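Peer 1: Sharing data.txt here; it has compact mmCIF, C-alpha atoms (C1' of nucleotides).
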```
# COMPACT_ATOMS: atom_id res chain seq x y z
CA MET A 1 31.30 -6.03 12.02
CA ALA A 2 27.78 -6.83 12.94
CA ASP A 3 27.55 -9.64 15.37
CA THR A 4 26.25 -12.89 13.86
CA PRO A 5 25.53 -13.96 17.38
CA TYR A 6 26.93 -17.43 17.42
CA ALA A 7 30.11 -18.73 15.94
CA PRO A 8 29.67 -21.22 13.10
CA SER A 9 30.52 -23.92 15.55
CA ARG A 10 32.38 -26.72 13.88
CA ILE A 11 29.65 -29.25 14.50
CA ARG A 12 27.18 -27.27 12.46
CA ALA A 13 28.88 -28.52 9.32
CA LEU A 14 28.73 -32.18 10.24
CA PRO A 15 26.22 -34.21 8.25
CA SER A 16 25.07 -36.03 11.34
CA TRP A 17 24.29 -32.78 13.10
CA LEU A 18 22.52 -31.24 10.16
CA LEU A 19 20.56 -34.42 9.61
CA GLY A 20 19.42 -34.40 13.20
CA ARG A 21 18.31 -30.81 12.99
CA ALA A 22 16.63 -31.18 9.64
CA ALA A 23 14.88 -34.33 10.77
CA ALA A 24 13.67 -32.60 13.92
CA ARG A 25 12.18 -29.79 11.88
CA GLY A 26 10.63 -32.21 9.43
CA HIS A 27 9.19 -34.27 12.22
CA ARG A 28 7.75 -31.22 13.90
CA LEU A 29 6.14 -29.93 10.72
CA VAL A 30 4.68 -33.27 9.73
CA ALA A 31 3.55 -34.12 13.25
CA GLU A 32 1.76 -30.80 13.56
CA ALA A 33 0.08 -31.29 10.21
CA LEU A 34 -1.04 -34.83 10.95
CA ALA A 35 -2.28 -33.85 14.38
CA ALA A 36 -5.14 -32.11 12.62
CA GLU A 37 -6.40 -35.60 11.79
CA GLY A 38 -5.38 -37.06 15.13
CA MET A 39 -2.60 -39.07 13.52
CA ARG A 40 1.07 -39.44 14.29
CA MET A 41 3.85 -39.99 11.83
CA MET A 42 4.26 -43.67 12.42
CA HIS A 43 0.54 -44.24 12.25
CA HIS A 44 0.43 -42.52 8.92
CA ALA A 45 3.41 -44.49 7.65
CA VAL A 46 1.89 -47.79 8.68
CA LEU A 47 -1.49 -46.91 7.24
CA CYS A 48 0.21 -45.94 4.01
CA ALA A 49 2.11 -49.21 3.90
CA VAL A 50 -1.04 -51.22 4.56
CA ALA A 51 -2.78 -49.45 1.71
CA GLU A 52 0.06 -50.31 -0.64
CA LEU A 53 0.61 -53.87 0.40
CA GLY A 54 -2.93 -55.06 0.86
CA PRO A 55 -3.57 -57.72 3.49
CA VAL A 56 -0.26 -58.16 5.25
CA SER A 57 1.10 -59.48 8.50
CA GLN A 58 2.29 -57.20 11.24
CA ALA A 59 5.78 -58.59 11.03
CA GLU A 60 6.13 -57.80 7.36
CA LEU A 61 4.63 -54.41 7.99
CA GLY A 62 7.25 -53.79 10.60
CA ARG A 63 10.00 -54.80 8.21
CA THR A 64 8.85 -52.51 5.45
CA VAL A 65 8.55 -49.39 7.54
CA GLY A 66 11.48 -50.39 9.71
CA ILE A 67 10.02 -50.31 13.18
CA ASP A 68 10.06 -52.69 16.09
CA PRO A 69 7.35 -55.39 16.20
CA LYS A 70 6.58 -54.31 19.73
CA ASP A 71 5.81 -50.78 18.63
CA MET A 72 3.80 -52.09 15.71
CA VAL A 73 1.37 -53.72 18.11
CA ALA A 74 0.45 -50.40 19.68
CA ILE A 75 0.14 -48.68 16.32
CA VAL A 76 -2.11 -51.34 14.85
CA ASN A 77 -4.14 -51.26 18.05
CA ASP A 78 -4.72 -47.55 17.59
CA LEU A 79 -5.52 -47.83 13.91
CA GLN A 80 -7.94 -50.66 14.60
CA LYS A 81 -9.56 -48.78 17.44
CA ASP A 82 -10.24 -45.91 15.05
CA GLY A 83 -11.62 -48.29 12.47
CA LEU A 84 -8.92 -47.49 9.93
CA VAL A 85 -7.66 -51.04 9.52
CA THR A 86 -9.00 -54.52 10.14
CA ARG A 87 -7.01 -57.17 11.95
CA THR A 88 -8.17 -60.67 11.19
CA PRO A 89 -6.38 -63.89 12.01
CA ASP A 90 -4.78 -65.34 8.91
CA ALA A 91 -6.48 -68.62 8.00
CA LYS A 92 -3.43 -69.98 6.21
CA ASP A 93 -0.91 -69.16 8.92
CA ARG A 94 -2.51 -68.87 12.29
CA ARG A 95 0.52 -67.14 13.73
CA LYS A 96 -0.22 -64.10 11.63
CA ASN A 97 -2.71 -61.29 11.69
CA ALA A 98 -3.86 -60.08 8.30
CA ILE A 99 -3.96 -56.30 8.43
CA GLU A 100 -6.05 -54.57 5.83
CA ILE A 101 -7.12 -51.00 5.31
CA SER A 102 -10.79 -50.10 5.64
CA ALA A 103 -12.83 -47.69 3.59
CA GLU A 104 -12.61 -45.18 6.39
CA GLY A 105 -8.88 -45.80 6.48
CA LYS A 106 -8.59 -44.95 2.81
CA ARG A 107 -10.45 -41.72 3.31
CA ARG A 108 -8.27 -40.83 6.27
CA LEU A 109 -5.16 -41.74 4.32
CA ARG A 110 -6.08 -39.45 1.46
CA ARG A 111 -6.36 -36.55 3.86
CA THR A 112 -3.20 -37.32 5.79
CA GLU A 113 -1.26 -37.77 2.58
CA ARG A 114 -2.19 -34.29 1.50
CA LEU A 115 -1.27 -32.93 4.90
CA GLY A 116 2.03 -34.77 4.83
CA ASP A 117 2.83 -33.52 1.37
CA ALA A 118 2.05 -29.97 2.38
CA ALA A 119 4.31 -30.26 5.41
CA ASN A 120 7.09 -31.62 3.24
CA ALA A 121 6.61 -28.78 0.82
CA GLU A 122 7.04 -26.34 3.65
CA LEU A 123 10.03 -28.24 4.95
CA THR A 124 11.79 -27.95 1.62
CA ALA A 125 10.36 -24.58 0.68
CA ALA A 126 13.84 -23.11 0.36
CA LEU A 127 14.77 -25.63 -2.31
CA SER A 128 14.00 -25.72 -5.99
CA ASP A 129 12.36 -28.79 -7.46
CA GLU A 130 15.68 -29.92 -8.82
CA GLU A 131 17.40 -29.46 -5.48
CA ARG A 132 14.63 -31.30 -3.73
CA ALA A 133 15.14 -34.25 -6.04
CA GLN A 134 18.87 -34.07 -5.43
CA LEU A 135 18.32 -34.13 -1.70
CA VAL A 136 16.03 -37.12 -1.92
CA ALA A 137 18.55 -38.98 -4.06
CA LEU A 138 21.43 -38.25 -1.70
CA LEU A 139 19.43 -39.19 1.38
CA THR A 140 18.28 -42.40 -0.20
CA ARG A 141 21.85 -43.46 -0.70
CA ILE A 142 22.67 -42.63 2.89
CA VAL A 143 19.85 -44.60 4.42
CA THR A 144 20.51 -47.72 2.36
CA PRO A 145 24.25 -48.13 2.78
CA GLY A 146 24.34 -51.78 1.87
CA GLU A 147 22.54 -51.64 -1.45
CA MET B 1 8.70 -62.93 -10.43
CA ALA B 2 11.44 -62.33 -7.96
CA ASP B 3 10.09 -60.78 -4.86
CA THR B 4 11.65 -57.42 -3.93
CA PRO B 5 10.04 -57.89 -0.58
CA TYR B 6 8.62 -54.47 0.06
CA ALA B 7 6.88 -52.12 -2.30
CA PRO B 8 8.53 -48.73 -2.74
CA SER B 9 5.98 -47.38 -0.37
CA ARG B 10 5.11 -43.83 -1.20
CA ILE B 11 6.43 -42.44 2.03
CA ARG B 12 9.92 -43.64 1.27
CA ALA B 13 10.31 -40.75 -1.14
CA LEU B 14 9.22 -38.07 1.30
CA PRO B 15 12.03 -35.82 2.52
CA SER B 16 10.74 -35.92 6.06
CA TRP B 17 10.84 -39.71 6.09
CA LEU B 18 14.27 -39.93 4.56
CA LEU B 19 15.57 -37.29 6.91
CA GLY B 20 14.29 -39.22 9.88
CA ARG B 21 15.90 -42.42 8.68
CA ALA B 22 19.18 -40.79 7.77
CA ALA B 23 19.29 -38.93 11.05
CA ALA B 24 18.62 -42.13 12.95
CA ARG B 25 21.51 -43.84 11.23
CA GLY B 26 23.78 -40.87 11.77
CA HIS B 27 22.84 -40.69 15.39
CA ARG B 28 23.48 -44.37 15.87
CA LEU B 29 26.89 -44.23 14.22
CA VAL B 30 28.02 -41.15 16.06
CA ALA B 31 26.64 -42.30 19.39
CA GLU B 32 28.43 -45.62 19.08
CA ALA B 33 31.67 -43.87 18.21
CA LEU B 34 31.45 -41.38 21.04
CA ALA B 35 30.54 -44.08 23.51
CA ALA B 36 34.14 -45.22 23.28
CA GLU B 37 34.98 -42.04 25.19
CA GLY B 38 31.93 -42.22 27.41
CA MET B 39 30.36 -39.26 25.66
CA ARG B 40 26.99 -38.68 24.12
CA MET B 41 26.18 -36.54 21.12
CA MET B 42 24.82 -33.59 23.00
CA HIS B 43 27.72 -33.63 25.42
CA HIS B 44 30.13 -33.52 22.54
CA ALA B 45 28.22 -30.71 20.88
CA VAL B 46 28.16 -28.63 24.02
CA LEU B 47 31.83 -29.25 24.73
CA CYS B 48 32.62 -28.24 21.17
CA ALA B 49 30.61 -25.05 21.52
CA VAL B 50 32.26 -24.17 24.79
CA ALA B 51 35.67 -24.60 23.21
CA GLU B 52 34.74 -22.23 20.40
CA LEU B 53 32.97 -19.60 22.43
CA GLY B 54 35.24 -19.41 25.45
CA PRO B 55 33.63 -18.47 28.76
CA VAL B 56 29.94 -18.40 28.08
CA SER B 57 26.68 -18.61 29.96
CA GLN B 58 24.53 -21.73 29.88
CA ALA B 59 21.67 -19.85 28.31
CA GLU B 60 23.77 -18.69 25.38
CA LEU B 61 25.17 -22.17 25.02
CA GLY B 62 21.66 -23.52 24.84
CA ARG B 63 20.78 -21.04 22.13
CA THR B 64 23.77 -21.84 19.98
CA VAL B 65 23.34 -25.59 20.02
CA GLY B 66 19.58 -25.31 20.14
CA ILE B 67 18.65 -27.32 23.17
CA ASP B 68 16.41 -26.74 26.15
CA PRO B 69 17.89 -24.97 29.20
CA LYS B 70 16.65 -27.82 31.30
CA ASP B 71 18.67 -30.33 29.35
CA MET B 72 21.69 -28.05 29.37
CA VAL B 73 21.79 -28.19 33.14
CA ALA B 74 22.20 -31.95 33.13
CA ILE B 75 24.80 -31.87 30.37
CA VAL B 76 26.93 -29.22 32.07
CA ASN B 77 26.59 -31.19 35.29
CA ASP B 78 28.01 -34.25 33.59
CA LEU B 79 30.81 -32.36 31.86
CA GLN B 80 31.75 -30.66 35.11
CA LYS B 81 31.66 -33.93 37.01
CA ASP B 82 34.15 -35.35 34.53
CA GLY B 83 36.32 -32.28 34.85
CA LEU B 84 35.89 -31.29 31.23
CA VAL B 85 34.49 -27.83 31.89
CA THR B 86 34.51 -25.37 34.76
CA ARG B 87 31.39 -23.66 35.95
CA THR B 88 32.08 -20.47 37.87
CA PRO B 89 29.59 -17.79 38.87
CA ASP B 90 29.92 -14.75 36.66
CA ALA B 91 31.14 -11.78 38.67
CA LYS B 92 29.52 -9.25 36.35
CA ASP B 93 26.13 -10.93 36.22
CA ARG B 94 25.48 -13.07 39.20
CA ARG B 95 22.59 -14.84 37.50
CA LYS B 96 24.97 -16.45 35.05
CA ASN B 97 27.42 -19.27 35.16
CA ALA B 98 30.56 -18.84 33.14
CA ILE B 99 31.26 -22.15 31.45
CA GLU B 100 34.79 -22.74 30.24
CA ILE B 101 36.60 -25.73 28.84
CA SER B 102 39.42 -27.28 30.84
CA ALA B 103 42.70 -28.70 29.62
CA GLU B 104 41.31 -32.18 30.07
CA GLY B 105 38.23 -31.07 28.18
CA LYS B 106 40.37 -29.99 25.26
CA ARG B 107 42.11 -33.32 25.16
CA ARG B 108 38.80 -35.17 25.31
CA LEU B 109 37.38 -32.92 22.63
CA ARG B 110 40.24 -33.67 20.26
CA ARG B 111 39.55 -37.36 20.58
CA THR B 112 35.79 -37.11 20.28
CA GLU B 113 36.13 -34.85 17.27
CA ARG B 114 38.14 -37.47 15.49
CA LEU B 115 35.63 -40.13 16.44
CA GLY B 116 32.76 -37.95 15.28
CA ASP B 117 34.46 -37.22 11.98
CA ALA B 118 35.09 -40.90 11.41
CA ALA B 119 31.46 -41.71 12.11
CA ASN B 120 30.36 -39.02 9.69
CA ALA B 121 32.70 -40.39 7.08
CA GLU B 122 31.09 -43.77 7.46
CA LEU B 123 27.64 -42.24 7.39
CA THR B 124 28.33 -40.58 4.07
CA ALA B 125 30.61 -43.26 2.72
CA ALA B 126 28.36 -43.79 -0.27
CA LEU B 127 28.82 -40.17 -1.35
CA SER B 128 31.65 -38.48 -3.18
CA ASP B 129 33.26 -35.42 -1.67
CA GLU B 130 31.30 -33.22 -3.99
CA GLU B 131 28.04 -34.90 -3.14
CA ARG B 132 28.78 -34.64 0.54
CA ALA B 133 29.28 -30.90 0.18
CA GLN B 134 26.05 -30.70 -1.78
CA LEU B 135 24.20 -32.52 0.94
CA VAL B 136 25.57 -30.25 3.64
CA ALA B 137 24.59 -27.19 1.64
CA LEU B 138 21.06 -28.43 1.05
CA LEU B 139 20.57 -29.46 4.66
CA THR B 140 21.86 -26.13 5.88
CA ARG B 141 19.20 -24.36 3.88
CA ILE B 142 16.54 -26.64 5.29
CA VAL B 143 17.43 -26.18 8.92
CA THR B 144 17.62 -22.39 8.68
CA PRO B 145 14.39 -21.56 6.92
CA GLY B 146 14.19 -17.99 8.06
CA GLU B 147 17.62 -16.81 6.96
C1' DA C 1 6.73 -88.99 11.80
C1' DG C 2 9.04 -86.48 15.11
C1' DG C 3 11.53 -82.74 17.08
C1' DG C 4 14.16 -78.72 17.00
C1' DA C 5 14.59 -74.29 14.80
C1' DA C 6 12.49 -70.31 13.27
C1' DC C 7 8.80 -67.06 13.30
C1' DC C 8 4.62 -64.30 14.90
C1' DG C 9 2.32 -61.32 18.14
C1' DT C 10 2.47 -59.39 22.68
C1' DG C 11 4.08 -57.74 27.06
C1' DG C 12 7.80 -56.16 29.91
C1' DG C 13 11.29 -52.50 30.29
C1' DT C 14 15.28 -48.91 29.04
C1' DC C 15 17.45 -44.96 26.91
C1' DC C 16 17.69 -40.64 24.50
C1' DC C 17 15.80 -36.48 22.68
C1' DA C 18 12.46 -32.56 22.64
C1' DC C 19 9.44 -29.74 24.97
C1' DC C 20 6.52 -27.25 28.50
C1' DA C 21 5.39 -25.07 33.36
C1' DA C 22 6.95 -22.94 37.26
C1' DC C 23 9.94 -20.62 40.55
C1' DG C 24 13.54 -17.84 42.95
C1' DT C 25 17.10 -14.76 42.09
C1' DA C 26 19.19 -11.06 39.75
C1' DA C 27 19.79 -7.55 36.31
C1' DG C 28 17.89 -3.63 33.44
C1' DC C 29 14.90 0.13 32.60
C1' DA C 30 11.52 3.62 33.49
C1' DT D 1 11.51 2.58 43.21
C1' DG D 2 8.89 -0.75 41.02
C1' DC D 3 8.12 -3.45 36.77
C1' DT D 4 9.86 -6.35 33.28
C1' DT D 5 12.99 -9.36 31.59
C1' DA D 6 16.49 -12.95 31.78
C1' DC D 7 19.17 -16.89 34.01
C1' DG D 8 19.60 -21.34 36.15
C1' DT D 9 17.25 -25.02 38.17
C1' DT D 10 13.64 -28.54 39.25
C1' DG D 11 9.60 -30.88 37.94
C1' DG D 12 7.18 -33.50 34.51
C1' DT D 13 5.24 -35.28 29.57
C1' DG D 14 5.59 -37.65 25.33
C1' DG D 15 7.52 -39.77 21.24
C1' DG D 16 10.94 -42.72 18.99
C1' DA D 17 14.11 -46.49 18.89
C1' DC D 18 15.72 -50.58 20.92
C1' DC D 19 16.19 -55.13 23.54
C1' DC D 20 14.59 -59.34 26.14
C1' DA D 21 11.38 -62.92 27.10
C1' DC D 22 7.32 -65.63 26.57
C1' DG D 23 3.52 -68.74 24.56
C1' DG D 24 1.69 -70.28 20.42
C1' DT D 25 2.42 -71.76 15.63
C1' DT D 26 4.62 -73.30 11.58
C1' DC D 27 8.55 -74.94 8.98
C1' DC D 28 12.24 -77.87 7.96
C1' DC D 29 15.35 -81.50 8.45
C1' DT D 30 16.40 -85.95 9.84
```
Written as structure tokens, that's how I'd like the structure from this file.
Peer 2:
Amino acid sequence: MADTPYAPSRIRALPSWLLGRAAARGHRLVAEALAAEGMRMMHHAVLCAVAELGPVSQAELGRTVGIDPKDMVAIVNDLQKDGLVTRTPDAKDRRKNAIEISAEGKRRLRRTERLGDAANAELTAALSDEERAQLVALLTRIVTPGE
Amino acid sequence: MADTPYAPSRIRALPSWLLGRAAARGHRLVAEALAAEGMRMMHHAVLCAVAELGPVSQAELGRTVGIDPKDMVAIVNDLQKDGLVTRTPDAKDRRKNAIEISAEGKRRLRRTERLGDAANAELTAALSDEERAQLVALLTRIVTPGE
DNA sequence: AGGGAACCGTGGGTCCCACCAACGTAAGCA
DNA sequence: TGCTTACGTTGGTGGGACCCACGGTTCCCT
């Protein structure tokens, strides 16, 4: 028999392993795509969330995208430095910063969304539309175990 | 209106995002489980591969599990230090190390495999057996785009 | 009204994973 | 024989996720 160089290796069938591998490929594809605009995945995610939520505090932003407040500081710093969002102290609650997307941020977001979509298309190129939807549904149930 | 704190946020439907989240949860669950035996995911994967492949070089090991040779060195060091594998110079090719699992390694592997399976069961607890198989099939096609 | 609890933003740091560059040694091939 | 390739090892970079602690602010309960 021809070789098939490496044995199937029991772990290759474990969901956790496959998820790790698939996520790594997805991350690589998306990161490469977004790099064309000088963005990273988390920056894009945060920018996207800001666009959807309107003026919002960093803490709430962190909760929606599920990242540490500490890391959010650096991301918002970067986005602000590039003029993609504005960070103004909230008049009603002076603990908060009101983060809002700028016009330039919206333009950037439109481009990065297209890049991200293209990368995701490549990531799931081997799947039919129906299978892609299936995958999304299954993953959604995995990531939200409590709901 | 009741709140539903965060908007669906467009990115939450992207495969790459969901994969990252699901992988993070899977990694956390498995890592916690394996920590009971003082093992990490990559150590378990390598040990598993060694058990399947028999005496094998580090380079081939790295190819099968898909990790950097540099990282493989550290992992084999750890496994050897714990007496789970043996690393002997290959007589036929003196560049290579022949890595082989030890009796203690086999015992450890049996335990970590059970722990890993349990963690994966919890990870996919929301899915039926059929759905789990579906997920594995879909992920497999994503991680091996060229085949 | 007062005081403790909770929360926000920020800085400190840790751990794990992925990847790249280089080098000495050894094998394979022309 | 010399050239090319491969193996193992050391060095380092960077991103992602996570945790702790602090000062400032607001909320809530008594």
Peer 1: Just the number, please: distance in Å from CA of Arg111 in chain A to CA of Leu34 in chain A, one decimal.
Peer 2: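 Here the two named atoms are 9.0 Å from each other.
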Peer 1: Could you work out how far C1' of DC20 in chain C lies from CA of Lys70 in chain B, giving the answer in Å with one decimal?
Peer 2: 10.5 Å
Peer 1: Go through B:Arg28, B:Arg132, B:Arg108, B:Lys92 one by one, measure the shortest atom-to-atom distance of each to chain D using only C-alpha atoms (C1' of nucleotides), and give the residue with the smallest value.
Peer 2: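 Among B:Arg28, B:Arg132, B:Arg108, B:Lys92, it is B:Arg28 that comes nearest to chain D.
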Peer 1: Counting all atoms listed in the file, a student should be able to say which residues of chain A come within 12 Å of chain C; what is the right answer, written as a PyMOL selection string?
Peer 2: chain A and resi 20-21+24-25+27-28+57-60+62+68-74+76-77+87+89-90+93-98
Peer 1: Over all Cα atoms paired in order, how far apart are chain B and chain A after a least-squares superposition, as an RMSD in Å?
Peer 2: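 In short, the RMSD is 0.3 Å.
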Peer 1: As an exercise, work out the distance from CA of Asp82 in chain B to CA of Ala45 in chain B in Å and give it to one decimal place.
Peer 2: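 Atom-to-atom, CA of Asp82 in chain B to CA of Ala45 in chain B, that is 15.6 Å.
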Peer 1: Starting from chain D, keep only residues with some atom at most 10 Å from an atom of chain B, counting only C-alpha atoms (C1' of nucleotides), and report them as a list in words.
Peer 2: DA6, DC7, DG8, DT9, DT10, DG16 and DA17 of chain D
Peer 1: Do you have, as a tab-separated table, the list of residues of chain A lying at most 7 Å from chain B, each with its nearest atom pair and that distance in Å to one decimal, counting all atoms listed in the file and ordered by chain then number?
Peer 2:
```
residue	atom	partner	partner_atom	distance
A:Tyr6	CA	B:Thr64	CA	6.0
A:Ser9	CA	B:Ala49	CA	6.1
A:Ile11	CA	B:Ala45	CA	6.7
A:Ala13	CA	B:Val136	CA	6.8
A:Pro15	CA	B:Val136	CA	6.1
A:Ser16	CA	B:Gly26	CA	5.0
A:Leu18	CA	B:Leu139	CA	6.1
A:Leu19	CA	B:Ala23	CA	4.9
A:Gly20	CA	B:Ala23	CA	5.0
A:Arg21	CA	B:Val143	CA	6.2
A:Ala22	CA	B:Val143	CA	5.1
A:Ala23	CA	B:Leu19	CA	4.9
A:Gly26	CA	B:Ser16	CA	5.0
A:His27	CA	B:Ser16	CA	6.6
A:Ala45	CA	B:Ile11	CA	6.7
A:Ala49	CA	B:Ser9	CA	6.0
A:Glu52	CA	B:Ser9	CA	6.6
A:Thr64	CA	B:Tyr6	CA	5.7
A:Asn120	CA	B:Ser16	CA	6.3
A:Leu123	CA	B:Ile142	CA	6.7
A:Thr124	CA	B:Ile142	CA	6.1
A:Ala126	CA	B:Arg141	CA	6.5
A:Leu135	CA	B:Leu135	CA	6.6
A:Val136	CA	B:Pro15	CA	6.1
A:Leu138	CA	B:Leu135	CA	6.9
A:Leu139	CA	B:Leu18	CA	6.1
A:Thr140	CA	B:Leu18	CA	6.7
A:Arg141	CA	B:Ala126	CA	6.5
A:Ile142	CA	B:Thr124	CA	6.1
A:Val143	CA	B:Ala22	CA	5.1
A:Pro145	CA	B:Ala126	CA	6.7
```
Peer 1: Suppose we keep C-alpha atoms; can you now write the selection as a tab-separated table (two decimals), in the frame of the given file?
Peer 2:
```
chain	number	residue	atom	x	y	z
A	6	TYR	CA	26.93	-17.43	17.42
A	9	SER	CA	30.52	-23.92	15.55
A	11	ILE	CA	29.65	-29.25	14.50
A	13	ALA	CA	28.88	-28.52	9.32
A	15	PRO	CA	26.22	-34.21	8.25
A	16	SER	CA	25.07	-36.03	11.34
A	18	LEU	CA	22.52	-31.24	10.16
A	19	LEU	CA	20.56	-34.42	9.61
A	20	GLY	CA	19.42	-34.40	13.20
A	21	ARG	CA	18.31	-30.81	12.99
A	22	ALA	CA	16.63	-31.18	9.64
A	23	ALA	CA	14.88	-34.33	10.77
A	26	GLY	CA	10.63	-32.21	9.43
A	27	HIS	CA	9.19	-34.27	12.22
A	45	ALA	CA	3.41	-44.49	7.65
A	49	ALA	CA	2.11	-49.21	3.90
A	52	GLU	CA	0.06	-50.31	-0.64
A	64	THR	CA	8.85	-52.51	5.45
A	120	ASN	CA	7.09	-31.62	3.24
A	123	LEU	CA	10.03	-28.24	4.95
A	124	THR	CA	11.79	-27.95	1.62
A	126	ALA	CA	13.84	-23.11	0.36
A	135	LEU	CA	18.32	-34.13	-1.70
A	136	VAL	CA	16.03	-37.12	-1.92
A	138	LEU	CA	21.43	-38.25	-1.70
A	139	LEU	CA	19.43	-39.19	1.38
A	140	THR	CA	18.28	-42.40	-0.20
A	141	ARG	CA	21.85	-43.46	-0.70
A	142	ILE	CA	22.67	-42.63	2.89
A	143	VAL	CA	19.85	-44.60	4.42
A	145	PRO	CA	24.25	-48.13	2.78
```
Peer 1: Take range 83-89 of chain B, model all heavy atoms, and hand the result over as a tab-separated table (two decimals), in the coordinates of the input.
Peer 2:
```tsv
chain	number	residue	atom	x	y	z
B	83	GLY	N	35.20	-33.20	34.90
B	83	GLY	CA	36.32	-32.28	34.85
B	83	GLY	C	36.63	-31.75	33.48
B	83	GLY	O	37.76	-31.34	33.20
B	84	LEU	N	35.64	-31.74	32.60
B	84	LEU	CA	35.89	-31.29	31.23
B	84	LEU	C	35.62	-29.80	31.06
B	84	LEU	O	36.16	-29.16	30.16
B	84	LEU	CB	35.03	-32.09	30.25
B	84	LEU	CG	35.19	-33.62	30.37
B	84	LEU	CD1	34.27	-34.32	29.40
B	84	LEU	CD2	36.63	-34.01	30.11
B	85	VAL	N	34.75	-29.27	31.91
B	85	VAL	CA	34.49	-27.83	31.89
B	85	VAL	C	34.48	-27.32	33.32
B	85	VAL	O	34.31	-28.08	34.28
B	85	VAL	CB	33.13	-27.49	31.22
B	85	VAL	CG1	33.07	-28.01	29.81
B	85	VAL	CG2	31.98	-28.04	32.05
B	86	THR	N	34.65	-26.01	33.45
B	86	THR	CA	34.51	-25.37	34.76
B	86	THR	C	33.28	-24.48	34.73
B	86	THR	O	32.97	-23.87	33.71
B	86	THR	CB	35.74	-24.51	35.08
B	86	THR	OG1	35.89	-23.52	34.06
B	86	THR	CG2	37.00	-25.37	35.13
B	87	ARG	N	32.61	-24.45	35.86
B	87	ARG	CA	31.39	-23.66	35.95
B	87	ARG	C	31.59	-22.72	37.14
B	87	ARG	O	31.50	-23.13	38.29
B	87	ARG	CB	30.21	-24.58	36.19
B	87	ARG	CG	28.86	-23.89	36.27
B	87	ARG	CD	27.88	-24.78	37.00
B	87	ARG	NE	26.85	-25.34	36.12
B	87	ARG	CZ	26.30	-26.52	36.32
B	87	ARG	NH1	26.72	-27.30	37.28
B	87	ARG	NH2	25.34	-26.94	35.52
B	88	THR	N	31.85	-21.45	36.81
B	88	THR	CA	32.08	-20.47	37.87
B	88	THR	C	31.06	-19.36	37.76
B	88	THR	O	30.71	-18.94	36.66
B	88	THR	CB	33.49	-19.86	37.73
B	88	THR	OG1	33.65	-19.36	36.40
B	88	THR	CG2	34.56	-20.91	37.99
B	89	PRO	N	30.57	-18.89	38.91
B	89	PRO	CA	29.59	-17.79	38.87
B	89	PRO	C	30.21	-16.57	38.22
B	89	PRO	O	31.34	-16.22	38.48
B	89	PRO	CB	29.27	-17.56	40.35
B	89	PRO	CG	30.30	-18.31	41.12
B	89	PRO	CD	30.82	-19.37	40.25
```
